[in-house]
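K.L.:
Below you will find the structure I want to go over with you.
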Amino acid sequence: MLLELIGITRSYEKDDEGRGRSVLDGISLAIQEGESLAITGPSGSGKSTLLNIMGTLDAPDSGEVKFNGVDVRRLKEPGLAALRNRHIGFVFQLHYLLPQLSLLENVLLPSIPLNDRPAREKAAKRAHELLGRVGLGDKISRLPGQLSVGECQRGALVRALINGPALLLADEPTGSLDHQNALQLGELLKELNRELCIAMVVVTHSLELAGSLAIRYRLDNGKLLPES
Ligand SMILES: Nc1ncnc2c1ncn2[C@@H]1O[C@H](COP(=O)(O)OP(=O)(O)OP(=O)(O)O)[C@@H](O)[C@H]1O
Ligand SMILES: [Mg+2]
């Protein structure tokens, strides 16, 4: 099993009225290699919180997160950072490309911490292949400011895939795109899921995007419910 969540709970600090608020209420989920799933749910239902816990960016109050069978609580921060860098790719609603770096430099950033040369060379090769694959092969030297929002978001997707992760976590990846660009990115996600056999968890408000992924869940009232 690639990723396993067992009985995850998470609440946030007390609100203005002094009440603690439970956001995730005992969530269990197993994700296999190459599986693609969508998570929908109302605003504030905890989708980003859940995704951050899956990606070890946040820790649950209780429950277990296992990545490739390893309980991530056994890892200290450098180990977690290495796990994220090598095995997990993140895409967010905004692309967060650095404005002063070219597209190619941006997508190569996550390969810098790789300390073996063959791995970095592999990443460089992969950058060219993937940028071509998402239709940006002739724009690799441009700064983000010289690219459209949709192009930047495709660049962010390539950056997330540069180290060949086993899992891609996407939080509203089409949220800042117009309909046409959103459709294109959704198609790309699906195709890359198949071609690279990479597991994906996509949080989205778009029923269209959710509907195109194999497995669908809805997060509501702290519970994750399968949707048909
Ligand atoms: N750092 C934080 N401190 C306190 N409360 C938080 C924090 N982060 C999130 N919350 C609260 O937890 C709840 C879930 O937030 P989360 O961002 O996970 O929701 P979401 O489902 O991703 O919403 P959206 O669809 O609007 O992005 C919200 O009520 C939010 O206000
Ligand atoms: Mg969110």
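Chain lettering (A, B, ...) mirrors the order of the structure tokens, residue numbering begins at 1 for each chain separately, and ligand numbering begins at 1 in order of display.
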Could you list, as an NGL selection string, all the residues within 6 Å of ligand 1, counting only C-alpha atoms and all ligand atoms?
P.N.:
:A and (12-13 or 23 or 42-49)
K.L.:
Could you write out the selected residues, including C-alpha atoms, as a PDB file, in the first residue's frame?
P.N.:
```pdb
ATOM      1  CA  TYR A  12      -7.884  23.413  15.421  1.00  0.00           C
ATOM      2  CA  GLU A  13      -7.345  25.732  18.359  1.00  0.00           C
ATOM      3  CA  VAL A  23     -12.244  19.143  11.394  1.00  0.00           C
ATOM      4  CA  PRO A  42     -17.964  22.173   1.125  1.00  0.00           C
ATOM      5  CA  SER A  43     -15.583  25.046   1.765  1.00  0.00           C
ATOM      6  CA  GLY A  44     -14.109  24.673   5.249  1.00  0.00           C
ATOM      7  CA  SER A  45     -14.849  20.944   5.432  1.00  0.00           C
ATOM      8  CA  GLY A  46     -11.157  20.123   5.900  1.00  0.00           C
ATOM      9  CA  LYS A  47     -10.032  19.047   2.435  1.00  0.00           C
ATOM     10  CA  SER A  48      -6.790  21.030   2.524  1.00  0.00           C
ATOM     11  CA  THR A  49      -6.176  19.913   6.093  1.00  0.00           C
TER      12      THR A  49
END
```
K.L.:
Enumerate the residues of chain A with a DSSP assignment of helix (DSSP H, G or I), computed from the backbone, and present them as an NGL selection string.
P.N.:
:A and (47-54 or 72-74 or 77-87 or 103-111 or 117-133 or 144-146 or 149-161 or 179-196 or 207-211)
K.L.:
Name the residues, by chain letter and number, that sit within 12 Å of ligand 2 using only C-alpha atoms and all ligand atoms, and give them as JSON, numbers by chain.
P.N.:
{"A": [39, 40, 41, 42, 43, 44, 45, 46, 47, 48, 49, 50, 51, 52, 92, 93, 94, 170, 171, 172, 173, 175, 202, 203, 204, 205, 219]}
K.L.:
Figure out the distance between CA of Val91 in chain A and CA of Pro144 in chain A, please, to one decimal in Å.
P.N.:
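Computing it gives 16.0 Å between the two atoms.
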K.L.:
Tell me which of A:Leu37, A:Leu196, A:Leu5, A:Leu108 sits closest to Leu24 in chain A, counting only C-alpha atoms.
P.N.:
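Answer, going by the shortest atom-to-atom distance: A:Leu5.
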K.L.:
Neighbouring residues of Arg216 in chain A were defined as those with any atom within 9 Å, considering only C-alpha atoms; residues of the same chain fewer than 4 positions away were excluded. Please report them as a ChimeraX atom specification.
P.N.:
/A:36-40,210-211,225-228
K.L.:
Find the residue from A:Gly132, A:Pro60, A:Gly89, A:Gly137 that sits nearest to Pro165 in chain A; use only C-alpha atoms when measuring.
P.N.:
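Smallest distance to Pro165 in chain A is found for A:Gly89.
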K.L.:
What's the 10 Å shell around Gly69 in chain A, counting only C-alpha atoms, without same-chain residues fewer than 6 positions away, as a list in words?
P.N.:
Met1, Leu2, Leu3 and Glu4 of chain A
K.L.:
Would you kindly return, as a VMD selection string, each protein, DNA or RNA residue with an atom no farther than 12 Å from any atom of Lys66 in chain A, considering only C-alpha atoms and excluding same-chain residues fewer than 2 positions away?
P.N.:
chain A and resid 1 to 8 28 to 32 53 to 56 59 63 to 64 68 to 75 80 83
K.L.:
Okay, now the selection with C-alpha atoms, as a PDB file, in the first residue's frame?
P.N.:
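Below you can see out.pdb, which holds the result:
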```pdb
ATOM      1  CA  MET A   1       0.000   0.000   0.000  1.00  0.00           C
ATOM      2  CA  LEU A   2       1.362   3.399  -0.978  1.00  0.00           C
ATOM      3  CA  LEU A   3      -0.430   5.577   1.553  1.00  0.00           C
ATOM      4  CA  GLU A   4      -2.571   4.555   4.467  1.00  0.00           C
ATOM      5  CA  LEU A   5      -4.493   6.790   6.829  1.00  0.00           C
ATOM      6  CA  ILE A   6      -5.859   5.118   9.930  1.00  0.00           C
ATOM      7  CA  GLY A   7      -8.290   6.901  12.224  1.00  0.00           C
ATOM      8  CA  ILE A   8      -7.036  10.418  11.525  1.00  0.00           C
ATOM      9  CA  SER A  28      -9.287   6.045   7.311  1.00  0.00           C
ATOM     10  CA  LEU A  29      -8.262   5.632   3.709  1.00  0.00           C
ATOM     11  CA  ALA A  30      -5.890   3.472   1.691  1.00  0.00           C
ATOM     12  CA  ILE A  31      -4.338   4.562  -1.588  1.00  0.00           C
ATOM     13  CA  GLN A  32      -2.601   2.096  -3.851  1.00  0.00           C
ATOM     14  CA  ILE A  53      -1.718  15.453   6.499  1.00  0.00           C
ATOM     15  CA  MET A  54      -1.408  13.018   3.564  1.00  0.00           C
ATOM     16  CA  GLY A  55       1.629  14.961   2.399  1.00  0.00           C
ATOM     17  CA  THR A  56       3.201  15.085   5.899  1.00  0.00           C
ATOM     18  CA  ALA A  59       0.415  16.063  11.598  1.00  0.00           C
ATOM     19  CA  GLY A  63      -4.250   8.315  14.042  1.00  0.00           C
ATOM     20  CA  GLU A  64      -1.574   6.949  11.794  1.00  0.00           C
ATOM     21  CA  ASN A  68       4.998   2.638   1.899  1.00  0.00           C
ATOM     22  CA  GLY A  69       4.262   0.884   5.168  1.00  0.00           C
ATOM     23  CA  VAL A  70       6.359   3.265   7.278  1.00  0.00           C
ATOM     24  CA  ASP A  71       4.616   5.133  10.093  1.00  0.00           C
ATOM     25  CA  VAL A  72       5.699   8.707   9.348  1.00  0.00           C
ATOM     26  CA  ARG A  73       5.763   9.518  13.079  1.00  0.00           C
ATOM     27  CA  ARG A  74       9.011   7.541  13.136  1.00  0.00           C
ATOM     28  CA  LEU A  75      10.634  10.140  10.883  1.00  0.00           C
ATOM     29  CA  LEU A  80      10.057  13.851   6.299  1.00  0.00           C
ATOM     30  CA  LEU A  83      10.288  11.700   1.853  1.00  0.00           C
TER      31      LEU A  83
END
```
K.L.:
Counting only C-alpha atoms, what is within 10 Å of His95 in chain A, bar same-chain residues fewer than 2 positions away, as JSON, numbers by chain?
P.N.:
{"A": [91, 92, 93, 97, 98, 144, 149, 150, 151, 152, 153, 154, 155, 156, 157, 159, 173, 176]}
K.L.:
Going by DSSP on the backbone, which residues of range 16-210 of chain A come out as strand (DSSP E)? List them as a ChimeraX atom specification.
P.N.:
/A:21-31,36-40,62-67,70-71,88-91,167-171,199-203
K.L.:
Using only C-alpha atoms, find the one residue out of A:Leu57, A:Val158, A:Val65, A:Leu143 that sits nearest to Thr9 in chain A.
P.N.:
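Under the stated criterion, the closest residue is A:Val65.
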K.L.:
Kindly give the distance, in Å, that separates CA of Leu168 in chain A and CA of Leu114 in chain A, rounded to a single decimal.
P.N.:
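Separation between CA of Leu168 in chain A and CA of Leu114 in chain A: 18.6 Å.
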K.L.:
In Å, with one decimal, what is the gap from CA of Asp61 in chain A to CA of Ala160 in chain A?
P.N.:
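Computing the Euclidean distance for CA of Asp61 in chain A and CA of Ala160 in chain A yields 27.4 Å.
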K.L.:
For a quick check of understanding, using only C-alpha atoms, which of A:Leu183, A:Val201, A:Val107, A:Leu147 has the smallest distance to Glu129 in chain A?
P.N.:
A:Val107
K.L.:
Tell me which protein, DNA and RNA residues are within 12 Å of Glu121 in chain A, counting only C-alpha atoms, leaving out same-chain ones fewer than 4 positions away, and put them as a list in words.
P.N.:
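Answer for this query is Leu108, Ser111, Ile112, Leu114, Asn115, Asp116, Arg117, Lys125, Arg126, Ala127, His128, Ile162 and Asn163 of chain A.
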K.L.:
Would you write out those residues with N, CA and C atoms, as a PDB file, in the first residue's frame?
P.N.:
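The new file result_37.pdb reads:
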```
ATOM      1  N   LEU A 108      13.166  22.658 -12.201  1.00  0.00           N
ATOM      2  CA  LEU A 108      14.304  21.876 -11.701  1.00  0.00           C
ATOM      3  C   LEU A 108      14.589  22.105 -10.211  1.00  0.00           C
ATOM      4  N   SER A 111      14.917  19.325  -7.736  1.00  0.00           N
ATOM      5  CA  SER A 111      15.984  18.337  -7.962  1.00  0.00           C
ATOM      6  C   SER A 111      17.301  18.807  -7.343  1.00  0.00           C
ATOM      7  N   ILE A 112      17.374  20.060  -6.897  1.00  0.00           N
ATOM      8  CA  ILE A 112      18.626  20.574  -6.330  1.00  0.00           C
ATOM      9  C   ILE A 112      19.064  19.811  -5.076  1.00  0.00           C
ATOM     10  N   LEU A 114      18.735  16.794  -4.434  1.00  0.00           N
ATOM     11  CA  LEU A 114      19.172  15.421  -4.734  1.00  0.00           C
ATOM     12  C   LEU A 114      20.694  15.429  -4.784  1.00  0.00           C
ATOM     13  N   ASN A 115      21.330  14.633  -3.933  1.00  0.00           N
ATOM     14  CA  ASN A 115      22.782  14.773  -3.897  1.00  0.00           C
ATOM     15  C   ASN A 115      23.530  13.762  -4.745  1.00  0.00           C
ATOM     16  N   ASP A 116      22.799  12.919  -5.490  1.00  0.00           N
ATOM     17  CA  ASP A 116      23.575  12.108  -6.429  1.00  0.00           C
ATOM     18  C   ASP A 116      23.379  12.627  -7.850  1.00  0.00           C
ATOM     19  N   ARG A 117      24.484  12.655  -8.548  1.00  0.00           N
ATOM     20  CA  ARG A 117      24.504  13.274  -9.852  1.00  0.00           C
ATOM     21  C   ARG A 117      23.598  12.579 -10.869  1.00  0.00           C
ATOM     22  N   LYS A 125      16.675  15.534 -17.682  1.00  0.00           N
ATOM     23  CA  LYS A 125      16.116  14.881 -18.866  1.00  0.00           C
ATOM     24  C   LYS A 125      14.593  14.875 -18.770  1.00  0.00           C
ATOM     25  N   ARG A 126      14.127  14.545 -17.579  1.00  0.00           N
ATOM     26  CA  ARG A 126      12.697  14.493 -17.329  1.00  0.00           C
ATOM     27  C   ARG A 126      12.039  15.873 -17.521  1.00  0.00           C
ATOM     28  N   ALA A 127      12.762  16.917 -17.122  1.00  0.00           N
ATOM     29  CA  ALA A 127      12.223  18.277 -17.263  1.00  0.00           C
ATOM     30  C   ALA A 127      11.909  18.564 -18.726  1.00  0.00           C
ATOM     31  N   HIS A 128      12.849  18.252 -19.589  1.00  0.00           N
ATOM     32  CA  HIS A 128      12.634  18.519 -21.011  1.00  0.00           C
ATOM     33  C   HIS A 128      11.497  17.663 -21.565  1.00  0.00           C
ATOM     34  N   ILE A 162       8.916  16.320 -11.097  1.00  0.00           N
ATOM     35  CA  ILE A 162      10.297  16.283 -11.595  1.00  0.00           C
ATOM     36  C   ILE A 162      11.147  15.184 -10.961  1.00  0.00           C
ATOM     37  N   ASN A 163      10.904  14.864  -9.694  1.00  0.00           N
ATOM     38  CA  ASN A 163      11.700  13.816  -9.048  1.00  0.00           C
ATOM     39  C   ASN A 163      11.035  12.439  -9.145  1.00  0.00           C
TER      40      ASN A 163
END
```
K.L.:
Would you mind telling me which residue in A:Leu188, A:Glu35, A:Asp58, A:Gly145 lies nearest to Arg10 in chain A when using only C-alpha atoms?
P.N.:
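Using only C-alpha atoms, the shortest distance to Arg10 in chain A belongs to A:Asp58.
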